[in-house]
Structures are given as C-alpha cells and as structure tokens.
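The structure under discussion appears below in the form of structure tokens.
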Amino acid sequence: MTENPTPPRRGRPPAFDRDEALTAATRLFWERGYEATSVADLTAAMGIRPGSLYAAFGDKKSLFEEVVRHYGRTPVGAFAGAALREEASAYAAFARILREAAAIYPDPSHPAGCLVISAATNVSPQDIEVQAHLRDLRNSNLRLFEARLRTARQDGELPPDADPHALAGYFATVVQGMSQQARDGATAADLARTAELALRAWP
C-alpha cells in the first residue's frame, strides 16, 4: 500500500530578517526617491512577498516613515545631531557638520546625498503628506541649528549683533545644497572646498 503524500504545511509564512529588509528598502528609497519606488521594487529588493511587506510594515507610506526613522539612527543620518551634542563650541559643531557632510554625501558605499533632503522632492498630490513629513524633519533640524547659535550668542561665542536665525538658515541651505551637489556628481574634495568657504561666513 502506498503512503499518502505529506499534506502541505499551513500557518505563518517563513520569517525574514526585518533589519536586512529595512536596510534594503532604505537604500532603494534613497536612490530613487519616494515617488519613483514602487511596492514591486521594494518587495524585490527586500526579498519578501507583498503580503509580508504589508503585514510587517503596513503600506508604502508607513514603510517609508520607518525607513526615515531607521536612517536617522544611522551614522550617515545622525551626524549633524551628534556634532551639535558632542562639540564644546558652536563653531566646532558647525565645522564638523559641514566637513562630515562633505565626506558622507558623496561616499560610494551608499546612495549620494541625504535621504531626508532628496527622497520626496517631487510627489503626487495623494502623497503630499510624505513631502510634508520630510519638510518637518528638515525644519526641526533648522530649529536645532538656531537654538545652538542662540546659545552661542548668549555665551559670547557670537557677537551680540549676530543673527542666529539667518545664520542657521545659511548653514542649512549649504548642507542641503551639498547633498544635491553630491547627487549631481560632486566629489568629497569639491564639497570640502564648499565647506571651508561656508565657514568663512562665521561672524
């Protein structure tokens, strides 16, 4: 008598490494931007089925928000905040931010530029919340810049007539421009020269 074939297994689908999948999604969004990255692209890069993506991360927007949080915890995404916390003087903090941006943004080990600056520059109307989310993050960084510069003025590191708001906007603009220049092919040496020129604006 022949044995009955083993019935198919039922239950939960095979597990996957969430961190590896998130890293793959981060790289794809960083390279292509939010709008140009499809769910099919994501599942292919992450090595999972669409059902697993939705079960683990929610929809594309929810996945992107988690990607942004993940990016913000990496050295590449957190270098500016680390400089503001760790450097004893405001000048040292902003010099470090600019010099590290010059080295990090064109680094070939990851996509060029900054994900938060470039990932949602153009989105369709139904995804405008994604653009607003990244804008809020950039504005939050701008406020951190300004707060550090106001403290520097209070402590006498900046002259009394220095404008922390304008100076914060200037350095934020330089950093954002360096990100775009890196995406356009600028080298670390190119951006290092930009960083040093920008520091000459320190009052």
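Residues are referred to by chain and number: the chain letter is A, B, ... according to the order shown in the structure tokens, the number counts from 1 in that chain, and ligands are numbered separately from 1 in the order shown.
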Closest-contact table, segment 36-134 of chain A side, partner segment 18-22 of chain A, 9 Å, counting only C-alpha atoms, as CSV:
residue,atom,partner,partner_atom,distance
A:Thr43,CA,A:Ala21,CA,8.8
A:Ala45,CA,A:Ala21,CA,7.8
A:Met46,CA,A:Ala21,CA,4.6
A:Gly47,CA,A:Ala21,CA,7.2
A:Ile48,CA,A:Ala21,CA,8.1
A:Ala56,CA,A:Arg18,CA,8.3
A:Leu63,CA,A:Leu22,CA,8.3
A:Glu66,CA,A:Leu22,CA,8.2
A:Val67,CA,A:Leu22,CA,6.5
A:His70,CA,A:Leu22,CA,7.8
Can you check which residues of segment 1-201 of chain A DSSP gives as alpha helix (DSSP H) on the backbone and send them as JSON, numbers by chain? {"A": [18, 19, 20, 21, 22, 23, 24, 25, 26, 27, 28, 29, 30, 31, 32, 39, 40, 41, 42, 43, 44, 45, 46, 50, 51, 52, 53, 54, 55, 56, 57, 60, 61, 62, 63, 64, 65, 66, 67, 68, 69, 70, 71, 72, 75, 76, 77, 78, 79, 80, 81, 82, 83, 84, 85, 86, 90, 91, 92, 93, 94, 95, 96, 97, 98, 99, 100, 101, 102, 103, 104, 115, 116, 117, 118, 128, 129, 130, 131, 132, 133, 134, 135, 136, 137, 138, 139, 140, 141, 142, 143, 144, 145, 146, 147, 148, 149, 150, 151, 152, 153, 154, 164, 165, 166, 167, 168, 169, 170, 171, 172, 173, 174, 175, 176, 177, 178, 179, 180, 181, 182, 183, 188, 189, 190, 191, 192, 193, 194, 195, 196, 197, 198, 199]}
Please save C-alpha atoms of the selected residues as a short mmCIF file (atom, residue, chain, number, x, y, z; two decimals), in the first residue's frame.
data_model
loop_
_atom_site.label_atom_id
_atom_site.label_comp_id
_atom_site.auth_asym_id
_atom_site.auth_seq_id
_atom_site.Cartn_x
_atom_site.Cartn_y
_atom_site.Cartn_z
CA ARG A 18 13.45 42.67 9.36
CA ASP A 19 16.61 44.75 9.70
CA GLU A 20 18.02 43.47 6.43
CA ALA A 21 14.72 44.14 4.68
CA LEU A 22 14.57 47.64 6.14
CA THR A 23 18.14 48.35 5.05
CA ALA A 24 17.28 47.27 1.51
CA ALA A 25 14.20 49.49 1.48
CA THR A 26 16.22 52.41 2.82
CA ARG A 27 18.75 52.11 0.03
CA LEU A 28 16.04 51.93 -2.64
CA PHE A 29 14.12 54.96 -1.38
CA TRP A 30 17.41 56.82 -1.02
CA GLU A 31 18.48 56.02 -4.58
CA ARG A 32 15.16 56.59 -6.34
CA VAL A 39 5.86 48.28 -3.99
CA ALA A 40 7.08 45.75 -6.57
CA ASP A 41 10.53 47.37 -6.49
CA LEU A 42 10.53 47.22 -2.70
CA THR A 43 9.49 43.59 -2.40
CA ALA A 44 12.11 42.58 -4.96
CA ALA A 45 14.85 44.46 -3.13
CA MET A 46 13.72 43.28 0.30
CA PRO A 50 3.80 41.92 -0.99
CA GLY A 51 1.70 40.29 1.71
CA SER A 52 4.71 40.13 4.02
CA LEU A 53 5.51 43.77 3.39
CA TYR A 54 2.00 44.88 4.27
CA ALA A 55 1.86 42.58 7.30
CA ALA A 56 5.22 43.70 8.67
CA PHE A 57 5.35 47.36 7.72
CA LYS A 60 4.30 52.03 1.33
CA LYS A 61 3.93 55.30 3.24
CA SER A 62 4.25 53.55 6.61
CA LEU A 63 7.30 51.66 5.38
CA PHE A 64 8.88 54.91 4.20
CA GLU A 65 8.27 56.56 7.58
CA GLU A 66 10.00 53.62 9.28
CA VAL A 67 12.84 53.89 6.75
CA VAL A 68 13.29 57.55 7.66
CA ARG A 69 13.43 56.68 11.36
CA HIS A 70 15.92 53.90 10.62
CA TYR A 71 18.04 56.28 8.53
CA GLY A 72 18.01 58.83 11.34
CA PRO A 75 25.80 57.41 11.43
CA VAL A 76 25.01 58.76 7.97
CA GLY A 77 21.67 60.16 9.07
CA ALA A 78 22.61 61.27 12.58
CA PHE A 79 25.94 63.04 12.09
CA ALA A 80 24.59 66.60 12.41
CA GLY A 81 22.77 65.93 15.66
CA ALA A 82 25.82 64.16 17.05
CA ALA A 83 28.02 67.16 16.25
CA LEU A 84 25.62 69.56 17.94
CA ARG A 85 25.54 67.39 21.09
CA GLU A 86 29.19 66.48 21.30
CA ALA A 90 29.12 76.08 18.25
CA TYR A 91 31.83 76.80 15.70
CA ALA A 92 33.32 73.33 16.21
CA ALA A 93 29.85 71.79 15.83
CA PHE A 94 29.07 73.54 12.55
CA ALA A 95 32.56 72.98 11.18
CA ARG A 96 32.16 69.29 11.93
CA ILE A 97 28.71 69.18 10.32
CA LEU A 98 29.93 70.75 7.10
CA ARG A 99 33.12 68.72 6.89
CA GLU A 100 31.36 65.45 7.64
CA ALA A 101 28.64 66.26 5.09
CA ALA A 102 31.41 66.79 2.54
CA ALA A 103 32.77 63.31 3.25
CA ILE A 104 29.48 61.45 3.80
CA LEU A 115 17.68 60.76 2.11
CA VAL A 116 15.69 63.31 4.14
CA ILE A 117 16.71 66.14 1.81
CA SER A 118 16.15 64.39 -1.51
CA ILE A 128 1.82 65.21 -0.19
CA GLU A 129 1.95 64.04 3.45
CA VAL A 130 5.26 62.35 2.71
CA GLN A 131 6.72 65.59 1.44
CA ALA A 132 5.36 67.45 4.46
CA HIS A 133 6.84 64.87 6.83
CA LEU A 134 10.34 65.33 5.42
CA ARG A 135 9.92 69.11 5.37
CA ASP A 136 9.02 68.98 9.07
CA LEU A 137 12.16 66.96 9.79
CA ARG A 138 14.32 69.46 7.92
CA ASN A 139 12.67 72.35 9.75
CA SER A 140 13.28 70.57 13.04
CA ASN A 141 16.97 70.40 12.20
CA LEU A 142 16.88 74.09 11.32
CA ARG A 143 15.42 74.87 14.74
CA LEU A 144 18.21 72.86 16.39
CA PHE A 145 20.76 74.86 14.41
CA GLU A 146 19.18 78.12 15.52
CA ALA A 147 18.94 77.07 19.17
CA ARG A 148 22.62 76.18 19.25
CA LEU A 149 23.52 79.51 17.65
CA ARG A 150 21.34 81.47 20.09
CA THR A 151 23.13 79.77 22.96
CA ALA A 152 26.45 80.65 21.35
CA ARG A 153 25.43 84.32 21.20
CA GLN A 154 24.30 84.27 24.83
CA PRO A 164 21.11 83.15 14.80
CA HIS A 165 18.02 82.70 12.62
CA ALA A 166 19.75 83.91 9.46
CA LEU A 167 22.95 82.03 10.25
CA ALA A 168 21.03 78.79 10.88
CA GLY A 169 19.23 79.22 7.56
CA TYR A 170 22.51 79.83 5.79
CA PHE A 171 24.17 76.68 7.12
CA ALA A 172 21.04 74.59 6.46
CA THR A 173 21.00 75.89 2.88
CA VAL A 174 24.66 74.99 2.41
CA VAL A 175 24.11 71.47 3.77
CA GLN A 176 21.09 70.92 1.53
CA GLY A 177 23.00 72.24 -1.46
CA MET A 178 25.91 69.92 -0.71
CA SER A 179 23.51 66.99 -0.71
CA GLN A 180 22.22 67.90 -4.16
CA GLN A 181 25.71 68.55 -5.47
CA ALA A 182 26.74 65.07 -4.31
CA ARG A 183 23.80 63.58 -6.20
CA ALA A 188 34.42 64.81 -1.50
CA ALA A 189 37.19 67.24 -2.44
CA ASP A 190 34.68 69.50 -4.22
CA LEU A 191 32.39 69.54 -1.20
CA ALA A 192 35.25 70.02 1.25
CA ARG A 193 36.11 73.25 -0.55
CA THR A 194 32.48 74.34 -0.27
CA ALA A 195 32.50 73.56 3.44
CA GLU A 196 35.59 75.65 4.08
CA LEU A 197 34.20 78.58 2.10
CA ALA A 198 30.92 78.39 4.04
CA LEU A 199 32.77 78.54 7.36
#
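Put simply, atom CA of Asp163 of chain A is 9.4 Å away from atom CA of Pro203 of chain A.
For the atom pair formed by atom CA of Ala201 of chain A and atom CA of Asp161 of chain A, the distance is 14.1 Å, given to one decimal.
Between atom CA of Asp127 of chain A and atom CA of Cys114 of chain A lies a distance of 19.8 Å.
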